[in-house]
Structure formats: structure tokens, C-alpha cells
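**Q** Sending over a structure as C-alpha cells; questions will come in a sec.
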Amino acid sequence: MSGQSVSILEGNTFVVSDRAGNVSATLTEAEGLFAWDTRFLSRWVLTIDGKVPNVLSTDDLHYYEVQFFLVPGTGTIYVDADLSIMRKRAVGSGFSEDILIRNESPKPVHLNVKLEAASDFADLFEVKDAQPKKGELYQGVRDGRLTLGYKRGTFNRETYITSTAPATVDAQGLSFDVNIPPHGEWSTRLEVEISLGPDWIAATVYRARGGSDDGHPARGKDLKKWLEGSPTLHCEWPPLNGIYIRSLVDLAALRFHPRVISELGALPAAGLPWFMSIFGRDSVITSLQALPFVPELSRTTLRALAAWQGTRVDDFRDEEPGKILHELRYGELTAFEERPQSPYYGAADATPLFLILLDEYSSWTGDYQIVRDLELEARAALTWIDAYGDHNGDGYIDYHKRMETGLENQCWKDSWNSILFADGSNSKLPRATCEIQGYVYDAKVRCARLAREIWNDPELAVRLERSAADLKARFNRDYWLEARGCFALAIDGDGRKVDSMTSNIGHLLWSGIADEDKAARCVENLMSDKLFSGWGVRTMAEGEGGYNPIGYHLGTVWPHDNSIIAWGLTRYGYRKEAAKIAVGILQAAVFFLDRLPEAFAGYPRSLTQFPVEYPTACSPQAWATGAPLLILRSLLGMQPVGNRLLVDAELPERFGWLELLDIPGAWGRADAFGRGRVPVDLDRLEATLLGSTAASKARSKAPEPAAAG
Amino acid sequence: MSSISPGTPNAKVPQIFQRLAAQGQSPTLRRTNGSYEVDIVDGGQWFVELVDGRPTIREKIEHPDCALTFDATDFIDIAEGRRNLVTTFLQGRMGFSGDLAFALTFRRLVPVAA
């Protein structure tokens, strides 16, 4: 997608257009109105007397609302325009668009205003493919309403377009014969609604959330309430305040109220625009990151994932009893089982992560009712780990795909070539990546506490503690690479240690599975020039056979990865190192206008002086959005202890005074304060950074924008 | 409930509901309460009340939380594990009105998980 696109969203409905508000989908410009993983509009182009107007400006009002200011096309030489054209679009279950045309001249004007509309009803997975559709596209006009439709057997998707102003409607769109008096104006409201079939009642989405029929005022109030309910941050390092607000606003945008979940709350979708769906791993990690700030996300995530927990062995979906899902989709390819996401369970880490979140959420909030409510699901998840998670019987949780449609890698580094040996060759399935063993260890330790304190099952607690201790001992023996001073990335299907040095070792610090002496050597490597780029820890160390600073999981820097590593460093007492990662990542955020992308290039900071964008990074992406929040938690050393919040701040010197007020938790609301005392050698680049064009632009940007892709 | 001729494929429908009623509480639905109207084309109209995950077949429920409509063959395939309820819904082969989340919860009620 080009950098000129504008995206607004609400739930899993989003509109991607150009900066004039037009949608002209091509194989390279994946624009359109998307909902339920289907493109319901692939063409939506406004013309005035046959010409596409030029853009004056595009204002991102909210994440769900955008305004375009246009003037008639005048060729390459600008002359004073006599017309002002405003398009204001708000997305809901479909979208509504107000078009206002003002005649700025002293003479009347006659205009032919046209909106071209079409839809290819592409599945989200095929928008960049030229796949012929297997069903039939159709159009129809009835009572002034244009219907665009697609039918494949009983599969039926439709788009309805209406206008408040009288229009001539045909299969290609709506035309308006407009006369505007001198200094007068003309306007219309266009409504674009969608249908997934004759039983579909889209408006219930809004009503279910207590909003008005069009939902707009409710959403505005909802965002205000969301921000007011979150802790307040004041920091003497100005960029952090903007980054913090941006994270909260983007998290609000990424909230998802799936109609397939009875729970009334929201959970975080994975990312805009292509991942506005339920993902096990992404939702859990984002909820963990955001827990000290907006704990309600965790509650919904836990209940939603429990509701869709696996119940049977299904090779097509990689489903097993007790397993937590990877992804749920609703498009045509999923419907006809050409893809397995109905839902797909191909994630080996989502199940232990679910258990970790259950414990962390209850510890933070004191909400132990959910631990009681989900006892059966938690026990099923523990059973999955022991009964199904280890496919080759070597004692470690691994993964392999059972059908061609499954994922090659079912860990967070899910690209096909992410688990490479140091010589660059690929490993074999089933793969038992190291961080998953860490998650399992952590999950068992945490569930032992829940078993003893909440479920009143001391025998289970003892069994889990023994199992965790045994796993830790075996892991430190079997995965350790003495010559490299780090743990193997994985043990592969041939029983070989996958010996690339990667960021995964940082996750082992978070889980606590690494022995202290081995952790110390991992920290040395994490902070070395091989892994630390100056902006953050790379996914793979420079010098490895597979290293590529612009390879998706082969050398790029992932903010969420770094936030977890910083949390792990804090756990093992490496506070200065955590501060250094925090400064690198947060300084990078300034270059991205406060919004960290999913990933950025792993070039050394000394080479580029600024973080280089990764070409197809998703933004905003949920766990990148959550990264600054988890980094804040780590820097402040915030930890729940019973009904109290323990704060042990060790902040970078450059931050100066920092206060985080009204932190919600089992204690009600509490405050955290800290003064920057930790010297971080990245500070010396501060002046350069804040003097840059990007940084100036970032500082002047309003803190509540829509999502510009 | 409508009567079904024994020996026809649709005769399986009452058996499925009988099994459903006999299975007792579904553990994963133990906190779930609500009611379904299930309309099977050429298979009768059925009402299921769910109390703490325990299904009971009723003669009539006035205001069910959701109404589901299936072809008899699809319903039997779902109940016997040959067809997935979610993709049946996405394909438009399962009609519904009311609460969608509750409608999809039905997948955990049928004897073989769908």
C-alpha cells in the first residue's frame, strides 16, 4: 500500500482510500470498504463534471472519521477554484459520507456530480491476487437504492448505497444534477451498508454497544471515556507524553467487538487494516502489555479465547482439545474451507500465553472470579500442553502443520524461513522454539499458584511445580549453546539445535526459565552490536547466515519483541539494559510520528541515523501499540503484590521526572513516580533526533488522529 | 415438533435431538443460559432450552434468544461431525435471527463437536 492511503475503522470494518477519499482498488493499491474479511466496495470515485477533484487537505478527525477538502481539477497549473468540496466519512457497519459543495463565485453553477461505485467482493486473502471469482457478481437498482452483490451458491454478500439527495442511480453508481446559486451550497449524505445475507442486521452492532443508530456520538464519548479512564502520564522528556497518548488512542481504535463472542467488552484485534480479527497470540500479548493501563481488555480476551478453545482433533484447522485459537476469519475462502481460519488453531504458543494472561490479569486486578470461571478451560489448556503439545515425544512443545493450508511456523516468528541455522539453512518440522518452552515453564509456575490459592488443588500445584522445575533443568541443558553464549533458537525435527542467535533469548528472560549464569551471557549478547541495532534488539543477530536487516523475522527490529525483552531484563535485574532498550525504541517512535510500526529495519543506528521503515509493516499494529506501555511498566518496575502496587523505578536519565497517576488494579487506583537516573549512552544522539524534520512534525501533530496507513 | 416418517434420512433429526437432550450438561457451556428455535427444512421445528449448559427439548418457547434454520442434510452432517457449523453459517447455509454469538455456541451442543 502506498504511503498516500487513508484508513478509518470501526471493529472489523475499515475503509482504505486515497487522500481524496476515492477508492480505486488495483492489485497494488488494496483500497476499499472491508468488513467481515470481504471487500464490499472496490470502487468509490467522486467526479465533478467528469473530473476527479484535487486534494487540498485530508483531516484525520478520529480513528473512525476523516474529512477530505477538495477543489475541482484544474490541470497542472493552479487557478483560483470557484468550488469547495468537502467529504466527511465515518465508518460503522458500512460507512456514511457527507458531501458538501459550496459555490464560492457570484454566479450560479450547474454541475454533474457523480459517484462511481463497484465491488469485486474479494476475500481479504485475495485482494492482491488476480483470482477469478467462483461465483457471480451482480448489480441492481430498486427504489433509488443501488445494490452490488455477489453470490456463490448460498454464499451471498451485498452492498447497498443510498443518497438523501435525489439521484439518478444505475449499475455504475449515482449521478446528481446539481444547481447551486451564487455563494450557495449543495449537500447529500450517502449511506453504504453491507449484508452477509438475508438474515443480516448490521445495525445491531451499534445498538449492542449502547450507541445511537449511527453510532457516531457514542463512539466519540467512548473514546473520551477510554482516555479519561486510563492513567495520566507526565514526563519531562516531552516525546514520551505524545507516544503514550498515541498508544492509548490506537489501542482504542484496535478494540474489537466481535459479534461471535457473547462477552460485551472489547478485545484488541491484531492490526489495521488486514488483521482486524481475533488472534490468540496477538490479543494475549497486547492485553498483557496494556494490563496496567486498561485491564478490561484482558478480561474480554480471556473470555473470548476460552469461548473458542479447541474441543477436538481436526487436522485441517490444527485444532486439538484445549488448544487456544490462532485466528478467526469470515471471508469466502474461509467459508468454503479453502482456508482453515474458521477458526484456525495453528499457534503453539497461544495456549501457554493464555494461561500466563489469566494469572497476570488476576494478580493485577484482584479479579479471581475469572480464575474460578475459567478453571475448566485453564485445566484443558494445561492438558493440551502435556497431552498434545509435544508431537515427537522429546519433552518439548513443538509444532508442525498437518495440512498444506496450515502455517509452516506456528510461533510468533511465523514467516516460513524464520527458524534458520547459523549457516542460513532451514530447520525441519516439528520445531520446538525456545521461547515457547519458556512460556510453558512460566504458565506452569503461574498455574501452580492458581491451583493452590484459587482452585484449592494443592496436588495439581505440586505436580505443576515439579513439571516446571524439570522443564527448566532439561531446557538449560538441552538448548544451551556454550560456544555462542546463548540458547538455541529451537530444536528441530531431526533433534538438532537451531543455532542462530536471535531475539528469542530475551523472551526466556521474561519467562524466567533461564539459569542466572546463562541469563547473564544472554544479556551480553542481547546488548552487543550483533543484536542491538541502536534502536532495539534485532530479531536475528548481524553475522548469522540468514541475517537480513530487512528480512521479516531475520534481522528487523520489532517493538513488541523489545518490550518483552525489556520486561525480561527487568525481571533478572538488568535495569540499565532495559532502560537502554526503552530509550532506543521510544526514540524510534518519534521518527514514526509516535506510532511504532509492527517492525522496522535492523540497520545499525550509526549507519542510518534514523530507523528505516520496513516496507509492508502493519500500522497501527496491536502489540507494537502496546510496546510503549509495557516499556513504561518495566521502567517503573511496577509489580502487583497482593492488594498493593510495588513501584521500583529505574528510569533513563534523559526522562527526568516521570509520574503515572491513577493506575488501576487490585488496590483501586495508585500512582507511580520516578526520576531518571540511569545513564544511557543513546542519550547523546538526542539533540540530533529532536532536531530532525520527522521529529518536528511529530511534535506538532495532534494526539488523536485517525489511522493513516 | 413435527412428526417425521421413520426410515427417511430426516428420521435422524429426532434422534439427534434425543441424544442432545440425553447428554446432560456440556462442561464448556456450564455458565451458558438461553434458548434456541431450530427449524429444520423437512425436519421439523425444535425448541431447546439451555440452563447452565444443560439442554432440554421443549414443545414451544415463545421468545427464543435465537432462531436457526438448516437443511436437514446440513444439520445431520453437523451433528455427525462431517460439517463445520461456522463455515455453514458463513456460507449462508445456516439462517439465523437473534444473537449471533449464541447461535454459534450451538456448535458446542451437538453430540459431535462441530
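The way I read the labels, and the way they are meant: chains A, B, ... in the order of the C-alpha cells, residue 1 as the first residue of every chain, and ligand 1 as the first ligand shown, with later ones counted on from there.
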Select from range 6-106 of chain B every residue with an atom at most 12 Å from any atom of range 157-173 of chain A, then for each give the shortest pair of atoms and their distance in Å to one decimal, using only C-alpha atoms, rows by chain and rising number, as a Markdown table.

**A**
| residue | atom | partner | partner_atom | distance |
| --- | --- | --- | --- | --- |
| B:Leu90 | CA | A:Arg157 | CA | 10.2 |
| B:Gln91 | CA | A:Arg157 | CA | 9.9 |
| B:Gly92 | CA | A:Arg157 | CA | 9.4 |

**Q** Quick one: everything within 9 Å of range 472-489 of chain A, counting only C-alpha atoms, minus sequence neighbours fewer than 5 positions away in the same chain. Send it as a PDB file with C-alpha atoms, in the first residue's frame.

**A**
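Output contents, as saved in part_3.pdb:
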ATOM      1  CA  GLY A 395       9.684 -33.425  26.087  1.00  0.00           C
ATOM      2  CA  TYR A 396       9.317 -30.051  24.403  1.00  0.00           C
ATOM      3  CA  ILE A 419      13.795 -20.635  12.107  1.00  0.00           C
ATOM      4  CA  LEU A 420      17.200 -20.927  10.434  1.00  0.00           C
ATOM      5  CA  PHE A 421      20.507 -22.452  11.430  1.00  0.00           C
ATOM      6  CA  ALA A 432      10.277 -26.645  19.288  1.00  0.00           C
ATOM      7  CA  THR A 433      11.250 -22.974  19.505  1.00  0.00           C
ATOM      8  CA  CYS A 434      12.903 -21.872  22.697  1.00  0.00           C
ATOM      9  CA  GLU A 435      10.516 -19.095  23.714  1.00  0.00           C
ATOM     10  CA  GLN A 437       9.354 -23.651  26.283  1.00  0.00           C
ATOM     11  CA  GLY A 438       9.777 -20.514  28.353  1.00  0.00           C
ATOM     12  CA  TYR A 441       7.508 -23.021  32.127  1.00  0.00           C
ATOM     13  CA  SER A 467       6.947 -30.332  35.971  1.00  0.00           C
ATOM     14  CA  LYS A 497      19.854 -27.385  17.952  1.00  0.00           C
ATOM     15  CA  VAL A 498      18.977 -24.488  15.649  1.00  0.00           C
ATOM     16  CA  ASP A 499      21.989 -22.379  16.470  1.00  0.00           C
ATOM     17  CA  SER A 500      21.199 -18.894  15.163  1.00  0.00           C
ATOM     18  CA  MET A 501      21.472 -16.123  17.726  1.00  0.00           C
ATOM     19  CA  THR A 502      18.113 -14.367  17.887  1.00  0.00           C
ATOM     20  CA  SER A 503      15.952 -12.082  19.986  1.00  0.00           C
ATOM     21  CA  ASN A 504      14.042 -15.110  21.263  1.00  0.00           C
ATOM     22  CA  ILE A 505      16.541 -15.413  24.097  1.00  0.00           C
ATOM     23  CA  LEU A 508      13.412 -16.538  28.024  1.00  0.00           C
ATOM     24  CA  GLY A 512      12.264 -16.908  33.977  1.00  0.00           C
ATOM     25  CA  ILE A 513      13.357 -20.245  32.541  1.00  0.00           C
ATOM     26  CA  ALA A 514      16.993 -19.233  32.035  1.00  0.00           C
ATOM     27  CA  ASP A 515      19.513 -20.062  34.766  1.00  0.00           C
ATOM     28  CA  LYS A 518      23.167 -18.323  31.334  1.00  0.00           C
ATOM     29  CA  ALA A 519      20.896 -15.286  31.525  1.00  0.00           C
ATOM     30  CA  ARG A 521      25.566 -14.329  28.926  1.00  0.00           C
ATOM     31  CA  CYS A 522      22.329 -13.868  27.001  1.00  0.00           C
ATOM     32  CA  VAL A 523      22.168 -10.278  28.208  1.00  0.00           C
ATOM     33  CA  GLU A 524      25.700  -9.679  26.947  1.00  0.00           C
ATOM     34  CA  ASN A 525      24.632 -10.876  23.533  1.00  0.00           C
TER      35      ASN A 525
END

**Q** At a cut-off of 7 Å, list the chain B residues touching chain A, using only C-alpha atoms, as JSON, numbers by chain.

**A** {"B": [86, 87, 90, 91, 92, 93, 95, 96, 97, 100, 101, 102, 104, 113]}

**Q** When you draw a straight line from CA of Asp367 in chain A to CA of Val284 in chain A, how long is it in Å?

**A**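 The value is 17.1 Å.
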
**Q** Residues within 12 Å of range 447-449 of chain A, please, as a ChimeraX atom specification. Count only C-alpha atoms; anything in the same chain fewer than 2 positions from it doesn't count.

**A** /A:352-360,362-363,371,374-375,378-379,381-382,439-445,451-469

**Q** Using only C-alpha atoms, which residues sit within 9 Å of Pro55 in chain B once same-chain residues fewer than 3 positions away are excluded, as a ChimeraX atom specification?

**A** /B:20-26,35,48-52,109

**Q** Could you write out that same residue set with C-alpha atoms as a PDB file, in the first residue's frame?

**A**
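Written output follows (result-v1.pdb):
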ATOM      1  CA  LEU B  20     -28.709 -33.850  22.653  1.00  0.00           C
ATOM      2  CA  ALA B  21     -31.244 -33.876  25.476  1.00  0.00           C
ATOM      3  CA  ALA B  22     -29.725 -37.021  26.973  1.00  0.00           C
ATOM      4  CA  GLN B  23     -26.152 -35.812  27.020  1.00  0.00           C
ATOM      5  CA  GLY B  24     -26.600 -33.668  30.110  1.00  0.00           C
ATOM      6  CA  GLN B  25     -24.525 -30.660  30.876  1.00  0.00           C
ATOM      7  CA  SER B  26     -21.963 -29.568  28.335  1.00  0.00           C
ATOM      8  CA  SER B  35     -32.976 -20.811  24.212  1.00  0.00           C
ATOM      9  CA  VAL B  48     -34.022 -26.184  23.020  1.00  0.00           C
ATOM     10  CA  GLU B  49     -33.635 -24.523  26.364  1.00  0.00           C
ATOM     11  CA  LEU B  50     -30.157 -24.314  27.799  1.00  0.00           C
ATOM     12  CA  VAL B  51     -29.790 -23.935  31.560  1.00  0.00           C
ATOM     13  CA  ASP B  52     -26.200 -23.852  32.797  1.00  0.00           C
ATOM     14  CA  LEU B 109     -24.126 -28.569  21.913  1.00  0.00           C
TER      15      LEU B 109
END

**Q** Return as a PyMOL selection string the full set of residues in chain B whose backbone-based DSSP assignment is strand (DSSP E).

**A** chain B and resi 34-41+44-51+54-58+66-71+95-98

**Q** Could you turn the residues from that selection into a file that holds C-alpha atoms, as a JSON list (two decimals), in the first residue's frame?

**A**
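The resulting part_2.json:
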[["chain", "number", "residue", "atom", "x", "y", "z"],
["B", 34, "GLY", "CA", -30.62, -19.28, 26.70],
["B", 35, "SER", "CA", -32.98, -20.81, 24.21],
["B", 36, "TYR", "CA", -32.95, -21.85, 20.58],
["B", 37, "GLU", "CA", -35.58, -22.35, 17.97],
["B", 38, "VAL", "CA", -34.16, -24.77, 15.41],
["B", 39, "ASP", "CA", -36.04, -25.01, 12.14],
["B", 40, "ILE", "CA", -35.00, -27.98, 10.04],
["B", 41, "VAL", "CA", -36.30, -27.87, 6.49],
["B", 44, "GLY", "CA", -39.44, -30.13, 11.94],
["B", 45, "GLN", "CA", -39.27, -27.22, 14.32],
["B", 46, "TRP", "CA", -37.46, -27.80, 17.60],
["B", 47, "PHE", "CA", -37.01, -25.77, 20.74],
["B", 48, "VAL", "CA", -34.02, -26.18, 23.02],
["B", 49, "GLU", "CA", -33.63, -24.52, 26.36],
["B", 50, "LEU", "CA", -30.16, -24.31, 27.80],
["B", 51, "VAL", "CA", -29.79, -23.93, 31.56],
["B", 54, "ARG", "CA", -27.83, -28.47, 30.20],
["B", 55, "PRO", "CA", -30.14, -28.76, 27.17],
["B", 56, "THR", "CA", -33.81, -29.61, 27.43],
["B", 57, "ILE", "CA", -36.14, -30.08, 24.48],
["B", 58, "ARG", "CA", -39.32, -28.02, 24.85],
["B", 66, "CYS", "CA", -32.07, -17.03, 18.52],
["B", 67, "ALA", "CA", -33.62, -18.98, 15.70],
["B", 68, "LEU", "CA", -31.54, -21.22, 13.46],
["B", 69, "THR", "CA", -32.57, -22.70, 10.13],
["B", 70, "PHE", "CA", -30.87, -25.65, 8.44],
["B", 71, "ASP", "CA", -31.45, -28.07, 5.62],
["B", 95, "GLY", "CA", -30.13, -18.99, 8.65],
["B", 96, "PHE", "CA", -30.28, -17.18, 11.94],
["B", 97, "SER", "CA", -32.01, -14.37, 13.73],
["B", 98, "GLY", "CA", -31.22, -13.01, 17.14]]

**Q** Would you mind writing down, as a ChimeraX atom specification, each residue of range 297-332 of chain A that DSSP on the backbone assigns to alpha helix (DSSP H)?

**A** /A:297-307,332

**Q** Go ahead and dump the residues you just picked, C-alpha atoms, as a CSV table (one decimal), in the first residue's frame.

**A**
chain,number,residue,atom,x,y,z
A,297,LEU,CA,-9.0,-5.7,27.5
A,298,SER,CA,-7.5,-8.7,29.3
A,299,ARG,CA,-10.8,-9.8,30.7
A,300,THR,CA,-12.5,-9.9,27.4
A,301,THR,CA,-9.6,-11.5,25.7
A,302,LEU,CA,-9.6,-14.4,28.2
A,303,ARG,CA,-13.3,-15.0,28.0
A,304,ALA,CA,-13.3,-14.8,24.1
A,305,LEU,CA,-10.4,-17.2,23.7
A,306,ALA,CA,-11.9,-19.5,26.3
A,307,ALA,CA,-15.2,-19.5,24.3
A,332,GLU,CA,-15.3,-16.5,1.2

**Q** Looking at only C-alpha atoms, which of B:Gly53, B:Arg83, B:Glu59, B:Asp74 is the one that sits closest to Arg30 in chain B?

**A**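 Checking each candidate against Arg30 in chain B, we get B:Gly53 as the closest.
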